[in-house]
$ cat final_22.cif   # mmCIF, N, CA and C atoms
data_start
#
loop_
_atom_site.group_PDB
_atom_site.id
_atom_site.type_symbol
_atom_site.label_atom_id
_atom_site.label_comp_id
_atom_site.auth_asym_id
_atom_site.auth_seq_id
_atom_site.Cartn_x
_atom_site.Cartn_y
_atom_site.Cartn_z
ATOM 1 N N MET X 1 91.118 126.161 81.894
ATOM 2 C CA MET X 1 92.252 125.258 81.955
ATOM 3 C C MET X 1 92.157 124.342 83.172
ATOM 4 N N GLU X 2 91.804 124.932 84.316
ATOM 5 C CA GLU X 2 91.724 124.108 85.518
ATOM 6 C C GLU X 2 90.621 123.070 85.418
ATOM 7 N N SER X 3 89.545 123.427 84.746
ATOM 8 C CA SER X 3 88.455 122.486 84.550
ATOM 9 C C SER X 3 88.916 121.292 83.715
ATOM 10 N N LEU X 4 89.738 121.531 82.719
ATOM 11 C CA LEU X 4 90.271 120.459 81.889
ATOM 12 C C LEU X 4 91.147 119.516 82.707
ATOM 13 N N LEU X 5 92.004 120.069 83.552
ATOM 14 C CA LEU X 5 92.869 119.234 84.395
ATOM 15 C C LEU X 5 92.050 118.371 85.346
ATOM 16 N N LEU X 6 91.021 118.965 85.937
ATOM 17 C CA LEU X 6 90.185 118.205 86.857
ATOM 18 C C LEU X 6 89.429 117.107 86.116
ATOM 19 N N ARG X 7 88.988 117.387 84.913
ATOM 20 C CA ARG X 7 88.300 116.364 84.103
ATOM 21 C C ARG X 7 89.264 115.227 83.743
ATOM 22 N N LEU X 8 90.524 115.559 83.458
ATOM 23 C CA LEU X 8 91.511 114.526 83.160
ATOM 24 C C LEU X 8 91.764 113.634 84.370
ATOM 25 N N PHE X 9 91.817 114.230 85.555
ATOM 26 C CA PHE X 9 91.946 113.437 86.785
ATOM 27 C C PHE X 9 90.762 112.489 86.919
ATOM 28 N N ASP X 10 89.558 113.002 86.675
ATOM 29 C CA ASP X 10 88.354 112.175 86.781
ATOM 30 C C ASP X 10 88.358 111.042 85.754
ATOM 31 N N LEU X 11 88.739 111.356 84.517
ATOM 32 C CA LEU X 11 88.797 110.327 83.480
ATOM 33 C C LEU X 11 89.811 109.240 83.825
ATOM 34 N N TYR X 12 90.948 109.646 84.372
ATOM 35 C CA TYR X 12 91.966 108.668 84.743
ATOM 36 C C TYR X 12 91.470 107.784 85.892
ATOM 37 N N GLN X 13 90.755 108.385 86.813
ATOM 38 C CA GLN X 13 90.187 107.615 87.918
ATOM 39 C C GLN X 13 89.177 106.587 87.380
ATOM 40 N N PHE X 14 88.342 106.985 86.440
ATOM 41 C CA PHE X 14 87.391 106.049 85.839
ATOM 42 C C PHE X 14 88.113 104.958 85.049
ATOM 43 N N ALA X 15 89.226 105.302 84.416
ATOM 44 C CA ALA X 15 90.009 104.294 83.697
ATOM 45 C C ALA X 15 90.556 103.250 84.665
ATOM 46 N N ILE X 16 91.029 103.686 85.826
ATOM 47 C CA ILE X 16 91.540 102.744 86.833
ATOM 48 C C ILE X 16 90.413 101.853 87.331
ATOM 49 N N ILE X 17 89.274 102.440 87.620
ATOM 50 C CA ILE X 17 88.137 101.647 88.108
ATOM 51 C C ILE X 17 87.701 100.643 87.040
ATOM 52 N N GLY X 18 87.635 101.076 85.793
ATOM 53 C CA GLY X 18 87.276 100.161 84.706
ATOM 54 C C GLY X 18 88.272 99.027 84.573
ATOM 55 N N TYR X 19 89.543 99.345 84.716
ATOM 56 C CA TYR X 19 90.589 98.331 84.623
ATOM 57 C C TYR X 19 90.469 97.317 85.765
ATOM 58 N N ILE X 20 90.159 97.805 86.943
ATOM 59 C CA ILE X 20 89.973 96.910 88.091
ATOM 60 C C ILE X 20 88.774 96.000 87.857
ATOM 61 N N LEU X 21 87.677 96.573 87.393
ATOM 62 C CA LEU X 21 86.468 95.776 87.157
ATOM 63 C C LEU X 21 86.673 94.734 86.060
ATOM 64 N N MET X 22 87.543 95.020 85.112
ATOM 65 C CA MET X 22 87.813 94.056 84.040
ATOM 66 C C MET X 22 88.442 92.769 84.575
ATOM 67 N N SER X 23 89.089 92.848 85.729
ATOM 68 C CA SER X 23 89.708 91.644 86.288
ATOM 69 C C SER X 23 88.653 90.639 86.752
ATOM 70 N N TRP X 24 87.427 91.052 86.902
ATOM 71 C CA TRP X 24 86.360 90.148 87.334
ATOM 72 C C TRP X 24 85.841 89.286 86.192
ATOM 73 N N PHE X 25 86.130 89.670 84.958
ATOM 74 C CA PHE X 25 85.621 88.952 83.799
ATOM 75 C C PHE X 25 86.772 88.282 83.063
ATOM 76 N N PRO X 26 86.705 86.967 82.913
ATOM 77 C CA PRO X 26 87.803 86.251 82.238
ATOM 78 C C PRO X 26 87.996 86.747 80.802
ATOM 79 N N GLY X 27 89.226 87.023 80.457
ATOM 80 C CA GLY X 27 89.569 87.422 79.105
ATOM 81 C C GLY X 27 89.301 88.880 78.770
ATOM 82 N N ALA X 28 88.734 89.634 79.698
ATOM 83 C CA ALA X 28 88.403 91.033 79.397
ATOM 84 C C ALA X 28 89.663 91.875 79.195
ATOM 85 N N ARG X 29 90.707 91.579 79.933
ATOM 86 C CA ARG X 29 91.934 92.368 79.798
ATOM 87 C C ARG X 29 92.712 92.028 78.526
ATOM 88 N N GLN X 30 92.333 90.936 77.868
ATOM 89 C CA GLN X 30 92.988 90.584 76.611
ATOM 90 C C GLN X 30 92.311 91.257 75.416
ATOM 91 N N SER X 31 91.227 91.962 75.647
ATOM 92 C CA SER X 31 90.537 92.673 74.568
ATOM 93 C C SER X 31 91.320 93.938 74.211
ATOM 94 N N SER X 32 90.918 94.595 73.140
ATOM 95 C CA SER X 32 91.616 95.821 72.732
ATOM 96 C C SER X 32 91.428 96.927 73.772
ATOM 97 N N ILE X 33 90.254 96.998 74.383
ATOM 98 C CA ILE X 33 90.020 97.985 75.444
ATOM 99 C C ILE X 33 90.877 97.655 76.654
ATOM 100 N N GLY X 34 90.978 96.373 76.976
ATOM 101 C CA GLY X 34 91.813 95.945 78.097
ATOM 102 C C GLY X 34 93.273 96.293 77.888
ATOM 103 N N HIS X 35 93.771 96.099 76.677
ATOM 104 C CA HIS X 35 95.160 96.454 76.376
ATOM 105 C C HIS X 35 95.375 97.965 76.449
ATOM 106 N N PHE X 36 94.399 98.715 75.972
ATOM 107 C CA PHE X 36 94.507 100.173 76.033
ATOM 108 C C PHE X 36 94.532 100.651 77.486
ATOM 109 N N LEU X 37 93.585 100.155 78.295
ATOM 110 C CA LEU X 37 93.558 100.557 79.710
ATOM 111 C C LEU X 37 94.825 100.118 80.429
ATOM 112 N N SER X 38 95.307 98.936 80.096
ATOM 113 C CA SER X 38 96.546 98.451 80.708
ATOM 114 C C SER X 38 97.716 99.374 80.403
ATOM 115 N N SER X 39 97.783 99.857 79.178
ATOM 116 C CA SER X 39 98.911 100.712 78.794
ATOM 117 C C SER X 39 98.887 102.063 79.498
ATOM 118 N N ILE X 40 97.710 102.536 79.892
ATOM 119 C CA ILE X 40 97.675 103.836 80.569
ATOM 120 C C ILE X 40 97.574 103.718 82.088
ATOM 121 N N VAL X 41 97.121 102.576 82.595
ATOM 122 C CA VAL X 41 96.907 102.433 84.038
ATOM 123 C C VAL X 41 98.063 101.722 84.744
ATOM 124 N N GLU X 42 98.624 100.689 84.108
ATOM 125 C CA GLU X 42 99.676 99.894 84.754
ATOM 126 C C GLU X 42 100.904 100.705 85.176
ATOM 127 N N PRO X 43 101.380 101.678 84.383
ATOM 128 C CA PRO X 43 102.538 102.456 84.853
ATOM 129 C C PRO X 43 102.261 103.195 86.165
ATOM 130 N N TYR X 44 101.030 103.580 86.399
ATOM 131 C CA TYR X 44 100.677 104.254 87.662
ATOM 132 C C TYR X 44 100.508 103.245 88.794
ATOM 133 N N LEU X 45 99.910 102.085 88.511
ATOM 134 C CA LEU X 45 99.635 101.102 89.560
ATOM 135 C C LEU X 45 100.866 100.303 89.980
ATOM 136 N N GLU X 46 101.821 100.145 89.084
ATOM 137 C CA GLU X 46 102.979 99.294 89.367
ATOM 138 C C GLU X 46 103.763 99.689 90.621
ATOM 139 N N PRO X 47 104.078 100.964 90.845
ATOM 140 C CA PRO X 47 104.797 101.303 92.087
ATOM 141 C C PRO X 47 104.011 100.959 93.354
ATOM 142 N N PHE X 48 102.708 101.095 93.301
ATOM 143 C CA PHE X 48 101.890 100.743 94.468
ATOM 144 C C PHE X 48 101.909 99.235 94.704
ATOM 145 N N ARG X 49 101.923 98.457 93.635
ATOM 146 C CA ARG X 49 101.958 96.998 93.774
ATOM 147 C C ARG X 49 103.294 96.524 94.327
ATOM 148 N N ARG X 50 104.367 97.263 94.046
ATOM 149 C CA ARG X 50 105.672 96.894 94.595
ATOM 150 C C ARG X 50 105.736 97.159 96.094
ATOM 151 N N ILE X 51 105.040 98.201 96.556
ATOM 152 C CA ILE X 51 105.089 98.592 97.964
ATOM 153 C C ILE X 51 104.076 97.812 98.801
ATOM 154 N N ILE X 52 102.872 97.612 98.263
ATOM 155 C CA ILE X 52 101.783 97.000 99.023
ATOM 156 C C ILE X 52 101.542 95.587 98.499
ATOM 157 N N PRO X 53 101.881 94.578 99.302
ATOM 158 C CA PRO X 53 101.655 93.201 98.842
ATOM 159 C C PRO X 53 100.165 92.838 98.915
ATOM 160 N N PRO X 54 99.743 91.880 98.082
ATOM 161 C CA PRO X 54 98.343 91.444 98.155
ATOM 162 C C PRO X 54 98.055 90.766 99.489
ATOM 163 N N ILE X 55 96.837 90.919 99.949
ATOM 164 C CA ILE X 55 96.384 90.256 101.173
ATOM 165 C C ILE X 55 95.530 89.077 100.733
ATOM 166 N N GLY X 56 96.127 87.891 100.739
ATOM 167 C CA GLY X 56 95.427 86.718 100.224
ATOM 168 C C GLY X 56 95.190 86.897 98.738
ATOM 169 N N MET X 57 93.934 86.875 98.324
ATOM 170 C CA MET X 57 93.590 87.067 96.911
ATOM 171 C C MET X 57 93.173 88.499 96.626
ATOM 172 N N LEU X 58 93.247 89.367 97.616
ATOM 173 C CA LEU X 58 92.791 90.752 97.475
ATOM 174 C C LEU X 58 93.982 91.682 97.266
ATOM 175 N N ASP X 59 93.963 92.396 96.155
ATOM 176 C CA ASP X 59 95.010 93.366 95.836
ATOM 177 C C ASP X 59 94.480 94.762 96.173
ATOM 178 N N ILE X 60 94.923 95.307 97.306
ATOM 179 C CA ILE X 60 94.420 96.617 97.735
ATOM 180 C C ILE X 60 95.271 97.771 97.208
ATOM 181 N N SER X 61 96.320 97.461 96.461
ATOM 182 C CA SER X 61 97.188 98.531 95.952
ATOM 183 C C SER X 61 96.429 99.480 95.034
ATOM 184 N N ALA X 62 95.478 98.970 94.257
ATOM 185 C CA ALA X 62 94.702 99.839 93.378
ATOM 186 C C ALA X 62 93.809 100.784 94.178
ATOM 187 N N ILE X 63 93.304 100.327 95.287
ATOM 188 C CA ILE X 63 92.472 101.185 96.147
ATOM 189 C C ILE X 63 93.314 102.312 96.720
ATOM 190 N N VAL X 64 94.526 101.973 97.176
ATOM 191 C CA VAL X 64 95.433 102.989 97.698
ATOM 192 C C VAL X 64 95.807 103.968 96.588
ATOM 193 N N ALA X 65 96.035 103.456 95.384
ATOM 194 C CA ALA X 65 96.371 104.321 94.248
ATOM 195 C C ALA X 65 95.233 105.287 93.932
ATOM 196 N N LEU X 66 93.995 104.817 94.050
ATOM 197 C CA LEU X 66 92.847 105.702 93.823
ATOM 198 C C LEU X 66 92.770 106.791 94.893
ATOM 199 N N PHE X 67 93.046 106.434 96.141
ATOM 200 C CA PHE X 67 93.052 107.439 97.213
ATOM 201 C C PHE X 67 94.139 108.489 96.963
ATOM 202 N N VAL X 68 95.319 108.050 96.551
ATOM 203 C CA VAL X 68 96.410 108.988 96.276
ATOM 204 C C VAL X 68 96.041 109.910 95.117
ATOM 205 N N LEU X 69 95.417 109.355 94.101
ATOM 206 C CA LEU X 69 94.972 110.174 92.969
ATOM 207 C C LEU X 69 93.927 111.194 93.418
ATOM 208 N N ARG X 70 93.024 110.788 94.294
ATOM 209 C CA ARG X 70 91.995 111.707 94.801
ATOM 210 C C ARG X 70 92.631 112.815 95.643
ATOM 211 N N PHE X 71 93.623 112.466 96.467
ATOM 212 C CA PHE X 71 94.310 113.493 97.263
ATOM 213 C C PHE X 71 95.067 114.466 96.355
ATOM 214 N N ALA X 72 95.677 113.949 95.291
ATOM 215 C CA ALA X 72 96.382 114.814 94.341
ATOM 216 C C ALA X 72 95.408 115.755 93.652
ATOM 217 N N ARG X 73 94.234 115.256 93.314
ATOM 218 C CA ARG X 73 93.203 116.096 92.685
ATOM 219 C C ARG X 73 92.760 117.197 93.644
ATOM 220 N N THR X 74 92.552 116.833 94.895
ATOM 221 C CA THR X 74 92.150 117.822 95.902
ATOM 222 C C THR X 74 93.239 118.870 96.088
ATOM 223 N N GLY X 75 94.501 118.434 96.109
ATOM 224 C CA GLY X 75 95.609 119.382 96.205
ATOM 225 C C GLY X 75 95.681 120.304 95.008
ATOM 226 N N LEU X 76 95.412 119.769 93.832
ATOM 227 C CA LEU X 76 95.402 120.588 92.622
ATOM 228 C C LEU X 76 94.301 121.639 92.695
ATOM 229 N N ILE X 77 93.131 121.248 93.182
ATOM 230 C CA ILE X 77 92.032 122.205 93.339
ATOM 231 C C ILE X 77 92.454 123.318 94.293
ATOM 232 N N TYR X 78 93.090 122.951 95.384
ATOM 233 C CA TYR X 78 93.530 123.943 96.363
ATOM 234 C C TYR X 78 94.525 124.915 95.749
ATOM 235 N N VAL X 79 95.494 124.399 94.998
ATOM 236 C CA VAL X 79 96.513 125.240 94.384
ATOM 237 C C VAL X 79 95.885 126.143 93.329
ATOM 238 N N LEU X 80 95.002 125.619 92.525
ATOM 239 C CA LEU X 80 94.399 126.401 91.451
ATOM 240 C C LEU X 80 93.477 127.502 91.996
ATOM 241 N N THR X 81 92.804 127.239 93.094
ATOM 242 C CA THR X 81 91.902 128.250 93.645
ATOM 243 C C THR X 81 92.636 129.262 94.532
ATOM 244 N N ALA X 82 93.829 128.921 94.970
ATOM 245 C CA ALA X 82 94.582 129.828 95.825
ATOM 246 C C ALA X 82 95.176 130.999 95.027
ATOM 247 N N PHE X 83 95.400 130.781 93.769
ATOM 248 C CA PHE X 83 96.006 131.830 92.951
ATOM 249 C C PHE X 83 94.971 132.373 92.071
#

$ encode --input "final_22.cif" --output "structure tokens"
Amino acid sequence: MESLLLRLFDLYQFAIIGYILMSWFPGARQSSIGHFLSSIVEPYLEPFRRIIPPIGMLDISAIVALFVLRFARTGLIYVLTAF
């Protein structure tokens, strides 16, 4: 069970990275894959975007969101191995 949860964290992290990389290609987010990733990633990224404003043309909120997700994964590992 714990392995499944950790894999889901990893898959979600890859989905966020893929969504970020899609912004480099014009029209990529309008594809069916782009819409799918948007529907699962945007609800997580939106609170970070409200708190952290873009610096010029650079949006670092997604980077902070990835760090928070990684810390949550590490905390989950700690909790699962402690019991």

$ resolve_selection --input "final_22.cif" --expression "the PyMOL selection byres ((chain X and resi 57-68) around 8)" --output "PyMOL selection string"
chain X and resi 13+16-17+20+44-45+47-56+69-74

$ write_last_selection --input "final_22.cif" --atoms "N, CA and C atoms" --output "tab-separated table (two decimals), keeping the file's coordinate frame"
chain	number	residue	atom	x	y	z
X	13	GLN	N	90.76	108.38	86.81
X	13	GLN	CA	90.19	107.62	87.92
X	13	GLN	C	89.18	106.59	87.38
X	16	ILE	N	91.03	103.69	85.83
X	16	ILE	CA	91.54	102.74	86.83
X	16	ILE	C	90.41	101.85	87.33
X	17	ILE	N	89.27	102.44	87.62
X	17	ILE	CA	88.14	101.65	88.11
X	17	ILE	C	87.70	100.64	87.04
X	20	ILE	N	90.16	97.80	86.94
X	20	ILE	CA	89.97	96.91	88.09
X	20	ILE	C	88.77	96.00	87.86
X	44	TYR	N	101.03	103.58	86.40
X	44	TYR	CA	100.68	104.25	87.66
X	44	TYR	C	100.51	103.24	88.79
X	45	LEU	N	99.91	102.08	88.51
X	45	LEU	CA	99.64	101.10	89.56
X	45	LEU	C	100.87	100.30	89.98
X	47	PRO	N	104.08	100.96	90.84
X	47	PRO	CA	104.80	101.30	92.09
X	47	PRO	C	104.01	100.96	93.35
X	48	PHE	N	102.71	101.10	93.30
X	48	PHE	CA	101.89	100.74	94.47
X	48	PHE	C	101.91	99.24	94.70
X	49	ARG	N	101.92	98.46	93.64
X	49	ARG	CA	101.96	97.00	93.77
X	49	ARG	C	103.29	96.52	94.33
X	50	ARG	N	104.37	97.26	94.05
X	50	ARG	CA	105.67	96.89	94.60
X	50	ARG	C	105.74	97.16	96.09
X	51	ILE	N	105.04	98.20	96.56
X	51	ILE	CA	105.09	98.59	97.96
X	51	ILE	C	104.08	97.81	98.80
X	52	ILE	N	102.87	97.61	98.26
X	52	ILE	CA	101.78	97.00	99.02
X	52	ILE	C	101.54	95.59	98.50
X	53	PRO	N	101.88	94.58	99.30
X	53	PRO	CA	101.66	93.20	98.84
X	53	PRO	C	100.16	92.84	98.92
X	54	PRO	N	99.74	91.88	98.08
X	54	PRO	CA	98.34	91.44	98.16
X	54	PRO	C	98.06	90.77	99.49
X	55	ILE	N	96.84	90.92	99.95
X	55	ILE	CA	96.38	90.26	101.17
X	55	ILE	C	95.53	89.08	100.73
X	56	GLY	N	96.13	87.89	100.74
X	56	GLY	CA	95.43	86.72	100.22
X	56	GLY	C	95.19	86.90	98.74
X	69	LEU	N	95.42	109.36	94.10
X	69	LEU	CA	94.97	110.17	92.97
X	69	LEU	C	93.93	111.19	93.42
X	70	ARG	N	93.02	110.79	94.29
X	70	ARG	CA	92.00	111.71	94.80
X	70	ARG	C	92.63	112.82	95.64
X	71	PHE	N	93.62	112.47	96.47
X	71	PHE	CA	94.31	113.49	97.26
X	71	PHE	C	95.07	114.47	96.36
X	72	ALA	N	95.68	113.95	95.29
X	72	ALA	CA	96.38	114.81	94.34
X	72	ALA	C	95.41	115.76	93.65
X	73	ARG	N	94.23	115.26	93.31
X	73	ARG	CA	93.20	116.10	92.68
X	73	ARG	C	92.76	117.20	93.64
X	74	THR	N	92.55	116.83	94.90
X	74	THR	CA	92.15	117.82	95.90
X	74	THR	C	93.24	118.87	96.09

$ select_by_dssp --input "final_22.cif" --residues "chain X" --states "alpha helix (DSSP H)" --output "MDAnalysis selection string"
chainID X and resid 2:22 32:51 61:82

$ resolve_selection --input "final_22.cif" --expression "the PyMOL selection byres (((chain X and resi 6 and name CA) around 12) and name CA)" --output "count of residues only"
22
